[in-house]
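Data file: query-v2.tsv. Format and content: TSV, C-alpha atoms.
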chain	number	residue	atom	x	y	z
A	1	MET	CA	28.54	14.77	-60.88
A	2	ALA	CA	26.95	18.21	-61.48
A	3	GLN	CA	24.15	17.92	-64.03
A	4	ALA	CA	21.68	20.72	-63.26
A	5	ASP	CA	21.65	24.01	-65.15
A	6	ILE	CA	20.17	25.80	-62.14
A	7	GLY	CA	19.15	25.03	-58.57
A	8	LEU	CA	16.01	26.27	-56.84
A	9	ILE	CA	15.22	26.48	-53.12
A	10	GLY	CA	11.59	26.70	-51.98
A	11	LEU	CA	8.91	24.36	-53.32
A	12	ALA	CA	5.72	26.26	-52.61
A	13	VAL	CA	3.48	26.54	-55.69
A	14	MET	CA	5.44	29.46	-57.23
A	15	GLY	CA	8.72	27.58	-56.84
A	16	GLN	CA	7.31	24.33	-58.20
A	17	ASN	CA	5.79	26.08	-61.21
A	18	LEU	CA	9.02	27.90	-62.05
A	19	VAL	CA	10.90	24.59	-61.88
A	20	LEU	CA	8.39	22.91	-64.21
A	21	ASN	CA	8.60	25.89	-66.59
A	22	MET	CA	12.41	25.66	-66.67
A	23	GLU	CA	12.31	21.90	-67.23
A	24	ASP	CA	9.76	22.29	-70.01
A	25	LYS	CA	12.12	24.72	-71.77
A	26	GLY	CA	14.94	22.17	-71.78
A	27	PHE	CA	16.80	22.90	-68.53
A	28	THR	CA	17.72	20.39	-65.85
A	29	VAL	CA	16.83	21.73	-62.41
A	30	ALA	CA	18.00	20.69	-58.95
A	31	VAL	CA	15.53	21.41	-56.15
A	32	TYR	CA	15.63	21.67	-52.35
A	33	ASN	CA	13.02	22.44	-49.74
A	34	ARG	CA	13.57	22.94	-46.03
A	35	THR	CA	10.83	20.37	-45.39
A	36	ALA	CA	12.07	17.13	-46.97
A	37	ASP	CA	8.56	15.70	-47.36
A	38	LYS	CA	7.66	18.48	-49.80
A	39	THR	CA	10.70	17.65	-51.95
A	40	THR	CA	9.74	13.97	-51.99
A	41	SER	CA	6.09	14.60	-52.85
A	42	PHE	CA	7.07	16.99	-55.65
A	43	LEU	CA	9.49	14.45	-57.14
A	44	GLU	CA	6.92	11.64	-56.91
A	45	GLU	CA	4.01	13.66	-58.30
A	46	ARG	CA	4.37	16.78	-60.48
A	47	ALA	CA	8.08	16.26	-61.26
A	48	LYS	CA	7.89	12.52	-61.91
A	49	GLY	CA	9.72	11.48	-65.08
A	50	LYS	CA	11.16	14.97	-65.65
A	51	LYS	CA	14.72	16.32	-65.68
A	52	ILE	CA	14.47	17.42	-62.05
A	53	ILE	CA	17.00	16.38	-59.40
A	54	GLY	CA	15.97	16.27	-55.75
A	55	ALA	CA	18.39	17.34	-53.02
A	56	TYR	CA	17.88	16.84	-49.30
A	57	SER	CA	20.62	19.15	-48.06
A	58	LEU	CA	22.17	22.39	-49.28
A	59	PRO	CA	25.59	20.78	-49.92
A	60	GLU	CA	23.81	18.15	-52.04
A	61	LEU	CA	21.98	20.88	-53.97
A	62	VAL	CA	25.16	22.89	-54.59
A	63	ALA	CA	27.03	19.76	-55.75
A	64	ALA	CA	24.27	19.02	-58.30
A	65	VAL	CA	24.56	22.35	-60.15
A	66	LYS	CA	27.04	23.10	-62.95
A	67	LYS	CA	29.58	25.91	-62.47
A	68	PRO	CA	29.23	28.82	-62.29
A	69	ARG	CA	26.39	27.73	-60.05
A	70	LYS	CA	23.04	29.52	-60.21
A	71	ILE	CA	20.96	29.02	-57.05
A	72	MET	CA	17.53	30.67	-57.00
A	73	LEU	CA	15.65	31.37	-53.76
A	74	MET	CA	11.85	31.24	-53.87
A	75	VAL	CA	11.27	31.73	-50.15
A	76	LYS	CA	9.40	34.25	-48.02
A	77	ALA	CA	10.88	37.75	-48.16
A	78	GLY	CA	12.83	38.99	-45.15
A	79	GLN	CA	14.83	36.93	-42.67
A	80	PRO	CA	14.49	33.59	-44.56
A	81	VAL	CA	16.38	35.09	-47.52
A	82	ASP	CA	19.23	36.25	-45.28
A	83	ALA	CA	19.32	32.87	-43.53
A	84	PHE	CA	19.71	30.97	-46.80
A	85	ILE	CA	22.37	33.38	-48.06
A	86	ASP	CA	24.36	32.78	-44.86
A	87	GLN	CA	24.07	29.02	-45.32
A	88	LEU	CA	24.95	29.10	-49.04
A	89	LEU	CA	28.00	31.40	-49.02
A	90	PRO	CA	30.36	28.87	-47.36
A	91	LEU	CA	29.30	26.24	-49.91
A	92	LEU	CA	29.78	28.34	-53.04
A	93	GLU	CA	32.86	29.39	-55.03
A	94	LYS	CA	33.97	32.63	-56.62
A	95	GLY	CA	31.68	33.60	-59.48
A	96	ASP	CA	28.71	31.50	-58.33
A	97	ILE	CA	25.34	33.29	-58.35
A	98	ILE	CA	22.59	33.58	-55.74
A	99	ILE	CA	19.21	34.74	-57.08
A	100	ASP	CA	16.35	36.04	-54.92
A	101	GLY	CA	13.06	35.66	-56.80
A	102	GLY	CA	10.77	36.78	-53.97
A	103	ASN	CA	9.13	40.14	-53.27
A	104	SER	CA	12.07	41.57	-51.33
A	105	HIS	CA	12.29	45.26	-50.45
A	106	PHE	CA	14.91	46.88	-52.70
A	107	PRO	CA	17.06	48.30	-49.83
A	108	ASP	CA	17.48	44.71	-48.60
A	109	THR	CA	18.58	43.68	-52.10
A	110	ILE	CA	21.15	46.50	-52.21
A	111	ARG	CA	22.54	45.31	-48.86
A	112	ARG	CA	22.60	41.66	-49.93
A	113	THR	CA	24.27	42.40	-53.26
A	114	LYS	CA	27.09	44.17	-51.43
A	115	LYS	CA	27.46	41.32	-48.92
A	116	VAL	CA	27.53	38.55	-51.55
A	117	GLU	CA	29.92	40.44	-53.84
A	118	GLU	CA	32.29	41.08	-50.93
A	119	ALA	CA	32.35	37.30	-50.39
A	120	GLY	CA	33.42	36.81	-54.02
A	121	MET	CA	30.07	35.66	-55.40
A	122	LEU	CA	27.42	37.39	-57.52
A	123	TYR	CA	23.86	38.33	-56.62
A	124	ILE	CA	20.62	38.95	-58.48
A	125	GLY	CA	17.38	40.26	-56.98
A	126	THR	CA	14.59	39.72	-59.47
A	127	GLY	CA	10.92	40.51	-59.62
A	128	VAL	CA	8.77	37.66	-60.94
A	129	SER	CA	5.30	38.74	-62.02
A	130	GLY	CA	2.32	36.72	-63.16
A	131	GLY	CA	1.44	34.72	-60.08
A	132	GLU	CA	1.29	30.96	-59.99
A	133	GLU	CA	-0.04	30.59	-63.55
A	134	GLY	CA	2.57	33.00	-64.90
A	135	ALA	CA	5.37	31.09	-63.15
A	136	LEU	CA	4.27	27.95	-64.99
A	137	LYS	CA	3.41	29.36	-68.41
A	138	GLY	CA	5.66	32.44	-68.65
A	139	PRO	CA	6.16	35.25	-66.15
A	140	SER	CA	7.50	38.76	-66.57
A	141	ILE	CA	10.96	38.81	-64.98
A	142	MET	CA	12.80	41.91	-63.72
A	143	PRO	CA	16.42	41.08	-62.77
A	144	GLY	CA	18.93	43.46	-61.19
A	145	GLY	CA	22.04	43.18	-59.03
A	146	SER	CA	25.56	42.14	-60.09
A	147	PRO	CA	25.83	42.89	-63.83
A	148	GLU	CA	28.46	40.16	-64.30
A	149	ALA	CA	25.81	37.58	-63.37
A	150	TRP	CA	23.38	38.49	-66.15
A	151	PRO	CA	25.08	36.68	-69.09
A	152	HIS	CA	24.95	33.43	-67.10
A	153	VAL	CA	21.30	33.82	-66.05
A	154	ALA	CA	19.86	35.38	-69.22
A	155	PRO	CA	19.57	32.12	-71.24
A	156	VAL	CA	17.34	30.60	-68.53
A	157	PHE	CA	15.27	33.66	-67.64
A	158	GLN	CA	14.61	34.80	-71.20
A	159	LYS	CA	13.64	31.29	-72.26
A	160	ILE	CA	11.06	30.83	-69.48
A	161	ALA	CA	9.66	34.39	-69.60
A	162	ALA	CA	6.44	35.40	-71.31
A	163	LYS	CA	6.86	36.64	-74.88
A	164	VAL	CA	5.30	39.56	-76.71
A	165	ALA	CA	3.81	39.13	-80.18
A	166	ASP	CA	7.16	39.33	-82.00
A	167	GLY	CA	8.79	36.80	-79.66
A	168	THR	CA	10.69	39.30	-77.51
A	169	PRO	CA	10.95	37.94	-73.95
A	170	CYS	CA	9.37	39.90	-71.10
A	171	CYS	CA	12.72	39.88	-69.34
A	172	GLN	CA	15.67	42.25	-69.64
A	173	TRP	CA	18.41	43.43	-67.32
A	174	VAL	CA	17.06	46.31	-65.26
A	175	GLY	CA	20.17	47.64	-63.49
A	176	ASN	CA	22.58	47.32	-60.60
A	177	ASP	CA	21.94	46.55	-56.92
A	178	GLY	CA	18.22	46.65	-56.03
A	179	ALA	CA	16.96	47.89	-59.41
A	180	GLY	CA	15.08	44.69	-60.24
A	181	HIS	CA	13.17	44.61	-56.99
A	182	PHE	CA	12.54	48.37	-57.19
A	183	VAL	CA	10.88	47.92	-60.59
A	184	LYS	CA	8.85	45.02	-59.15
A	185	ILE	CA	7.45	47.06	-56.25
A	186	VAL	CA	6.53	49.90	-58.63
A	187	HIS	CA	4.92	47.34	-60.96
A	188	ASN	CA	2.87	46.09	-58.00
A	189	GLY	CA	2.04	49.65	-56.95
A	190	ILE	CA	0.66	50.40	-60.42
A	191	GLU	CA	-1.40	47.23	-60.11
A	192	TYR	CA	-2.76	48.42	-56.75
A	193	GLY	CA	-3.99	51.56	-58.54
A	194	ASP	CA	-5.37	49.51	-61.41
A	195	MET	CA	-7.39	47.25	-59.12
A	196	GLN	CA	-8.82	50.14	-57.11
A	197	LEU	CA	-9.91	51.91	-60.31
A	198	ILE	CA	-11.67	48.75	-61.51
A	199	CYS	CA	-13.40	48.50	-58.10
A	200	GLU	CA	-14.65	52.07	-58.41
A	201	ALA	CA	-15.95	51.48	-61.95
A	202	TYR	CA	-17.79	48.41	-60.64
A	203	TYR	CA	-19.17	50.40	-57.68
A	204	ILE	CA	-20.59	53.13	-59.92
A	205	MET	CA	-22.24	50.62	-62.23
A	206	LYS	CA	-23.71	48.64	-59.35
A	207	HIS	CA	-24.89	51.46	-57.09
A	208	ALA	CA	-25.45	54.42	-59.42
A	209	LEU	CA	-26.81	52.50	-62.40
A	210	GLY	CA	-28.24	49.52	-60.51
A	211	LEU	CA	-26.77	47.02	-62.99
A	212	SER	CA	-26.93	43.30	-62.26
A	213	TYR	CA	-23.85	41.11	-61.97
A	214	GLU	CA	-24.70	39.47	-65.27
A	215	GLU	CA	-24.93	42.86	-66.97
A	216	MET	CA	-21.57	43.92	-65.50
A	217	HIS	CA	-20.06	40.58	-66.53
A	218	ARG	CA	-21.06	41.30	-70.14
A	219	ILE	CA	-19.76	44.89	-69.96
A	220	PHE	CA	-16.33	43.93	-68.60
A	221	THR	CA	-16.11	41.08	-71.13
A	222	GLU	CA	-16.76	43.59	-73.92
A	223	TRP	CA	-14.29	46.09	-72.47
A	224	ASN	CA	-11.61	43.38	-72.48
A	225	LYS	CA	-11.88	43.20	-76.28
A	226	GLY	CA	-10.75	46.81	-76.74
A	227	GLU	CA	-8.45	49.44	-75.20
A	228	LEU	CA	-8.91	48.06	-71.68
A	229	ASN	CA	-7.74	44.56	-72.63
A	230	SER	CA	-5.78	43.19	-69.67
A	231	TYR	CA	-5.57	40.27	-67.27
A	232	LEU	CA	-7.23	42.28	-64.48
A	233	ILE	CA	-10.23	43.21	-66.66
A	234	GLU	CA	-10.47	39.60	-67.83
A	235	ILE	CA	-10.61	38.15	-64.30
A	236	THR	CA	-13.04	40.90	-63.21
A	237	ALA	CA	-15.40	39.79	-65.97
A	238	ASP	CA	-14.93	36.16	-64.95
A	239	ILE	CA	-15.65	36.67	-61.24
A	240	LEU	CA	-18.76	38.75	-61.96
A	241	GLY	CA	-20.12	35.83	-63.98
A	242	LYS	CA	-19.47	33.21	-61.29
A	243	LYS	CA	-22.22	31.77	-59.11
A	244	ASP	CA	-21.73	29.90	-55.85
A	245	LYS	CA	-22.50	26.20	-56.37
A	246	GLU	CA	-24.11	25.75	-52.96
A	247	THR	CA	-26.37	28.80	-52.82
A	248	GLY	CA	-26.72	29.78	-56.47
A	249	LYS	CA	-25.94	33.38	-55.48
A	250	PRO	CA	-23.38	35.54	-57.31
A	251	LEU	CA	-20.00	34.62	-55.82
A	252	VAL	CA	-19.08	38.31	-55.37
A	253	GLU	CA	-21.86	38.66	-52.79
A	254	LEU	CA	-20.26	35.97	-50.62
A	255	ILE	CA	-16.72	37.38	-50.58
A	256	LEU	CA	-15.83	39.48	-47.53
A	257	ASP	CA	-15.16	43.07	-48.63
A	258	THR	CA	-11.79	43.45	-46.94
A	259	ALA	CA	-8.44	43.51	-48.74
A	260	GLY	CA	-5.06	42.55	-47.34
A	261	GLN	CA	-1.64	43.58	-48.63
A	262	LYS	CA	1.89	42.18	-48.63
A	263	GLY	CA	3.68	45.53	-48.56
A	264	THR	CA	4.79	46.30	-52.12
A	265	GLY	CA	2.15	49.00	-52.65
A	266	LYS	CA	3.15	50.60	-49.35
A	267	TRP	CA	6.84	50.46	-50.36
A	268	THR	CA	5.97	52.17	-53.66
A	269	SER	CA	4.25	54.99	-51.81
A	270	GLN	CA	7.11	55.32	-49.32
A	271	ALA	CA	9.65	55.50	-52.17
A	272	ALA	CA	7.52	58.17	-53.87
A	273	LEU	CA	7.44	60.25	-50.68
A	274	ASP	CA	11.21	59.83	-50.21
A	275	LEU	CA	11.88	60.94	-53.80
A	276	GLY	CA	9.22	63.65	-53.93
A	277	VAL	CA	7.36	62.02	-56.82
A	278	PRO	CA	3.54	62.37	-56.76
A	279	THR	CA	1.81	58.99	-57.00
A	280	PRO	CA	-1.71	59.81	-55.73
A	281	THR	CA	-3.49	56.99	-57.57
A	282	VAL	CA	-1.18	54.33	-56.15
A	283	THR	CA	-1.09	55.84	-52.64
A	284	GLU	CA	-4.87	56.28	-52.39
A	285	ALA	CA	-5.26	52.67	-53.52
A	286	VAL	CA	-3.06	51.60	-50.60
A	287	PHE	CA	-5.19	53.68	-48.22
A	288	ALA	CA	-8.35	52.14	-49.70
A	289	ARG	CA	-7.04	48.71	-48.71
A	290	CYS	CA	-6.24	49.97	-45.22
A	291	LEU	CA	-9.78	51.38	-44.97
A	292	SER	CA	-11.33	48.14	-46.22
A	293	ALA	CA	-9.54	46.22	-43.47
A	294	ILE	CA	-11.37	48.03	-40.66
A	295	LYS	CA	-14.65	46.27	-41.45
A	296	GLU	CA	-16.28	46.65	-38.02
A	297	GLU	CA	-15.66	50.39	-37.90
A	298	ARG	CA	-17.05	50.82	-41.42
A	299	VAL	CA	-20.23	48.93	-40.58
A	300	ALA	CA	-20.75	50.98	-37.41
A	301	ALA	CA	-20.09	54.27	-39.23
A	302	ALA	CA	-22.51	53.36	-42.06
A	303	LYS	CA	-25.36	53.10	-39.53
A	304	ILE	CA	-24.75	56.71	-38.51
A	305	LEU	CA	-23.93	58.24	-41.90
A	306	SER	CA	-25.21	56.36	-44.91
A	307	GLY	CA	-24.21	58.96	-47.50
A	308	PRO	CA	-26.07	60.03	-50.66
A	309	ASP	CA	-27.81	57.41	-52.78
A	310	GLY	CA	-26.01	58.65	-55.91
A	311	LEU	CA	-28.55	57.16	-58.32
A	312	TYR	CA	-28.11	58.04	-62.00
A	313	GLN	CA	-30.92	60.33	-63.11
A	314	GLY	CA	-30.10	60.49	-66.82
A	315	GLU	CA	-31.91	58.81	-69.67
A	316	ASP	CA	-29.00	57.21	-71.57
A	317	LYS	CA	-27.39	54.45	-69.53
A	318	GLU	CA	-25.24	53.30	-72.45
A	319	GLU	CA	-23.73	56.76	-72.76
A	320	PHE	CA	-22.95	56.79	-69.05
A	321	ILE	CA	-21.37	53.30	-69.21
A	322	GLU	CA	-19.15	54.53	-72.06
A	323	ALA	CA	-18.17	57.54	-69.92
A	324	ILE	CA	-17.17	55.13	-67.13
A	325	ARG	CA	-15.08	53.11	-69.61
A	326	GLN	CA	-13.28	56.21	-70.83
A	327	ALA	CA	-12.71	57.45	-67.28
A	328	LEU	CA	-11.27	54.06	-66.30
A	329	TYR	CA	-8.96	54.07	-69.32
A	330	ALA	CA	-7.74	57.61	-68.60
A	331	SER	CA	-7.23	56.81	-64.91
A	332	LYS	CA	-5.25	53.65	-65.73
A	333	ILE	CA	-2.95	55.76	-67.92
A	334	CYS	CA	-2.43	58.09	-64.95
A	335	SER	CA	-1.54	55.15	-62.69
A	336	TYR	CA	1.04	53.90	-65.19
A	337	ALA	CA	2.43	57.40	-65.74
A	338	GLN	CA	2.92	57.84	-61.99
A	339	GLY	CA	4.80	54.55	-61.79
A	340	PHE	CA	7.06	55.41	-64.71
A	341	ALA	CA	7.75	58.85	-63.24
A	342	LEU	CA	8.85	57.15	-60.02
A	343	MET	CA	11.18	54.73	-61.86
A	344	ARG	CA	12.66	57.59	-63.88
Could you express the structure from this file as structure tokens?
Amino acid sequence: MAQADIGLIGLAVMGQNLVLNMEDKGFTVAVYNRTADKTTSFLEERAKGKKIIGAYSLPELVAAVKKPRKIMLMVKAGQPVDAFIDQLLPLLEKGDIIIDGGNSHFPDTIRRTKKVEEAGMLYIGTGVSGGEEGALKGPSIMPGGSPEAWPHVAPVFQKIAAKVADGTPCCQWVGNDGAGHFVKIVHNGIEYGDMQLICEAYYIMKHALGLSYEEMHRIFTEWNKGELNSYLIEITADILGKKDKETGKPLVELILDTAGQKGTGKWTSQAALDLGVPTPTVTEAVFARCLSAIKEERVAAAKILSGPDGLYQGEDKEEFIEAIRQALYASKICSYAQGFALMR
């Protein structure tokens, strides 16, 4: 007998946390993972005693979910999403809904929406922002796809989403086809810009002002109380205050200065080029990550050309720190404005 309000495929940490969030908000969830052992360990540990139903095959998962069925995929973007869609379509009925909650590229979501609708079912591609902690405590959710699916999914998504001060959920229907995933890549692109700007503010304070990690920890902590209040500023302050337990050194000094990327920032820049929308902050942040990745070349080049020392020669450090804060704030506004211009 179907008991679950929604089914979820993919029990990595993001998937598990979303399931626990849904269950905590009063929903019964059916779960499936390609590796059966992960399903079993989840049911015996984090999901023990909760309204969570384990399934060990896709037919079993589909049978456990109330009609119209809502099946959410939390799997790696790309071919795995297509593979699960192909396996699910023969098991579903007209009006059932497949939801992709991964970081899929929006052209793929447009293609998948068309395919699923032609088979008589509905499709949603949704951005889920907030990382593992957000998935558990309340993410920002950006759904798009088949508009007919939204009334069936809204009660779940808006209940589990983060809320603003007046209780409004950080989740609303974005638009048709790949709109949800388009908004998610732009959101990530803005974040790329945001992180690079924070890095540059840190670099100026460390190398031009010669501030210690403890001093920068206090500065970022103070900045997080005002206009710059954000999760990224908060975790920057936290990491600058951390010391390695084994060596006693600042943890930042022990982290390799290379940055990887999953592709969403690149996709934002590509979309901007295709549409003729200038997004220099986002695009240069992507290039900065590419540059950081060629560590050996950077080290070799630095031995040949060290560059200017750039030491601050002024008398009022506090005034200069405030100028950095204001520059960071203005630059963050530019990053957001570029993202909104692209979405418009």
Could you name the residues that touch His187 of chain A at 10 Å or less, counting all atoms listed in the file, but leaving out those on the same chain fewer than 5 positions away, as a tab-separated table (two decimals) with C-alpha atoms, keeping the file's coordinate frame?
chain	number	residue	atom	x	y	z
A	127	GLY	CA	10.92	40.51	-59.62
A	129	SER	CA	5.30	38.74	-62.02
A	142	MET	CA	12.80	41.91	-63.72
A	181	HIS	CA	13.17	44.61	-56.99
A	182	PHE	CA	12.54	48.37	-57.19
A	192	TYR	CA	-2.76	48.42	-56.75
A	264	THR	CA	4.79	46.30	-52.12
A	265	GLY	CA	2.15	49.00	-52.65
A	268	THR	CA	5.97	52.17	-53.66
A	336	TYR	CA	1.04	53.90	-65.19
A	339	GLY	CA	4.80	54.55	-61.79
A	340	PHE	CA	7.06	55.41	-64.71
A	343	MET	CA	11.18	54.73	-61.86
Pick from A:Lys245, A:Lys137, A:Arg344, A:Lys38 nearest to Leu275 of chain A, counting all atoms listed in the file: A:Arg344
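Closest approach to Leu61 of chain A from the set A:Gly120, A:Gly7, A:Pro308, A:Gly180 is made by A:Gly7, with distances taken over all atoms listed in the file.
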Distance criterion (only C-alpha atoms): nearest to Ser140 of chain A out of A:Ile160, A:Val81, A:Val153, A:Leu251: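 So, comparing all the options, the nearest one is A:Ile160.
Around Ala288 of chain A, within 12 Å and counting only C-alpha atoms, the residues found are Tyr192, Gly193, Met195, Gln196, Leu197, Cys199, Glu200, Asp257, Thr258, Ala259, Gly260, Gln261, Gly265, Lys266, Pro280, Thr281, Val282, Ile294 and Lys295 of chain A, once anything fewer than 6 positions away on its own chain is removed.
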For atom CA of Ile124 of chain A and atom CA of Gln158 of chain A, the interatomic separation in Å (one decimal):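 That distance, rounded to one decimal, is 14.7 Å.
Using all atoms listed in the file, the smallest distance between any of A:Ile304, A:Ala47, A:Leu211, A:His105 and Glu23 of chain A comes from A:Ala47.
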Spatial neighbours of Pro143 of chain A, max dist 9 Å, only C-alpha atoms, sep filter under 3 positions, as a count of residues only: 18
Missing atoms of segment 17-26 of chain A rebuilt to all heavy atoms, written as a compact mmCIF listing (two decimals), keeping the file's coordinate frame:
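Output contents, as saved in out35.txt:
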# COMPACT_ATOMS: atom_id res chain seq x y z
N ASN A 17 6.17 25.71 -59.85
CA ASN A 17 5.79 26.08 -61.21
C ASN A 17 6.96 26.64 -62.01
O ASN A 17 7.08 26.38 -63.21
CB ASN A 17 4.62 27.07 -61.18
CG ASN A 17 3.31 26.39 -60.84
OD1 ASN A 17 3.25 25.18 -60.65
ND2 ASN A 17 2.24 27.16 -60.77
N LEU A 18 7.82 27.41 -61.36
CA LEU A 18 9.02 27.90 -62.05
C LEU A 18 9.92 26.75 -62.47
O LEU A 18 10.47 26.73 -63.57
CB LEU A 18 9.79 28.88 -61.17
CG LEU A 18 9.37 30.34 -61.19
CD1 LEU A 18 10.19 31.14 -60.18
CD2 LEU A 18 9.53 30.95 -62.59
N VAL A 19 10.08 25.77 -61.58
CA VAL A 19 10.90 24.59 -61.88
C VAL A 19 10.34 23.85 -63.09
O VAL A 19 11.07 23.48 -64.02
CB VAL A 19 10.99 23.65 -60.66
CG1 VAL A 19 11.61 22.30 -61.04
CG2 VAL A 19 11.79 24.30 -59.54
N LEU A 20 9.02 23.63 -63.09
CA LEU A 20 8.39 22.91 -64.21
C LEU A 20 8.50 23.71 -65.50
O LEU A 20 8.68 23.12 -66.59
CB LEU A 20 6.93 22.63 -63.87
CG LEU A 20 6.69 21.64 -62.72
CD1 LEU A 20 5.22 21.60 -62.34
CD2 LEU A 20 7.19 20.24 -63.08
N ASN A 21 8.42 25.03 -65.42
CA ASN A 21 8.60 25.89 -66.59
C ASN A 21 10.02 25.74 -67.14
O ASN A 21 10.23 25.56 -68.35
CB ASN A 21 8.31 27.34 -66.19
CG ASN A 21 8.34 28.31 -67.36
OD1 ASN A 21 8.72 27.97 -68.47
ND2 ASN A 21 7.94 29.54 -67.10
N MET A 22 11.01 25.80 -66.25
CA MET A 22 12.41 25.66 -66.67
C MET A 22 12.65 24.30 -67.32
O MET A 22 13.28 24.19 -68.38
CB MET A 22 13.34 25.82 -65.46
CG MET A 22 13.39 27.22 -64.88
SD MET A 22 14.35 27.25 -63.33
CE MET A 22 14.13 28.96 -62.81
N GLU A 23 12.12 23.24 -66.69
CA GLU A 23 12.31 21.90 -67.23
C GLU A 23 11.66 21.76 -68.60
O GLU A 23 12.22 21.14 -69.52
CB GLU A 23 11.74 20.88 -66.24
CG GLU A 23 12.19 19.45 -66.48
CD GLU A 23 11.35 18.69 -67.51
OE1 GLU A 23 10.22 19.15 -67.81
OE2 GLU A 23 11.82 17.65 -68.03
N ASP A 24 10.48 22.35 -68.74
CA ASP A 24 9.76 22.29 -70.01
C ASP A 24 10.52 23.00 -71.13
O ASP A 24 10.37 22.64 -72.30
CB ASP A 24 8.38 22.94 -69.84
CG ASP A 24 7.53 22.83 -71.09
OD1 ASP A 24 7.25 21.70 -71.53
OD2 ASP A 24 7.16 23.89 -71.65
N LYS A 25 11.34 23.98 -70.77
CA LYS A 25 12.12 24.72 -71.77
C LYS A 25 13.50 24.10 -72.01
O LYS A 25 14.37 24.71 -72.64
CB LYS A 25 12.29 26.18 -71.33
CG LYS A 25 10.97 26.94 -71.13
CD LYS A 25 10.10 26.92 -72.36
CE LYS A 25 8.85 27.79 -72.20
NZ LYS A 25 7.96 27.33 -71.14
N GLY A 26 13.73 22.91 -71.47
CA GLY A 26 14.94 22.17 -71.78
C GLY A 26 16.04 22.20 -70.73
O GLY A 26 17.13 21.67 -70.96
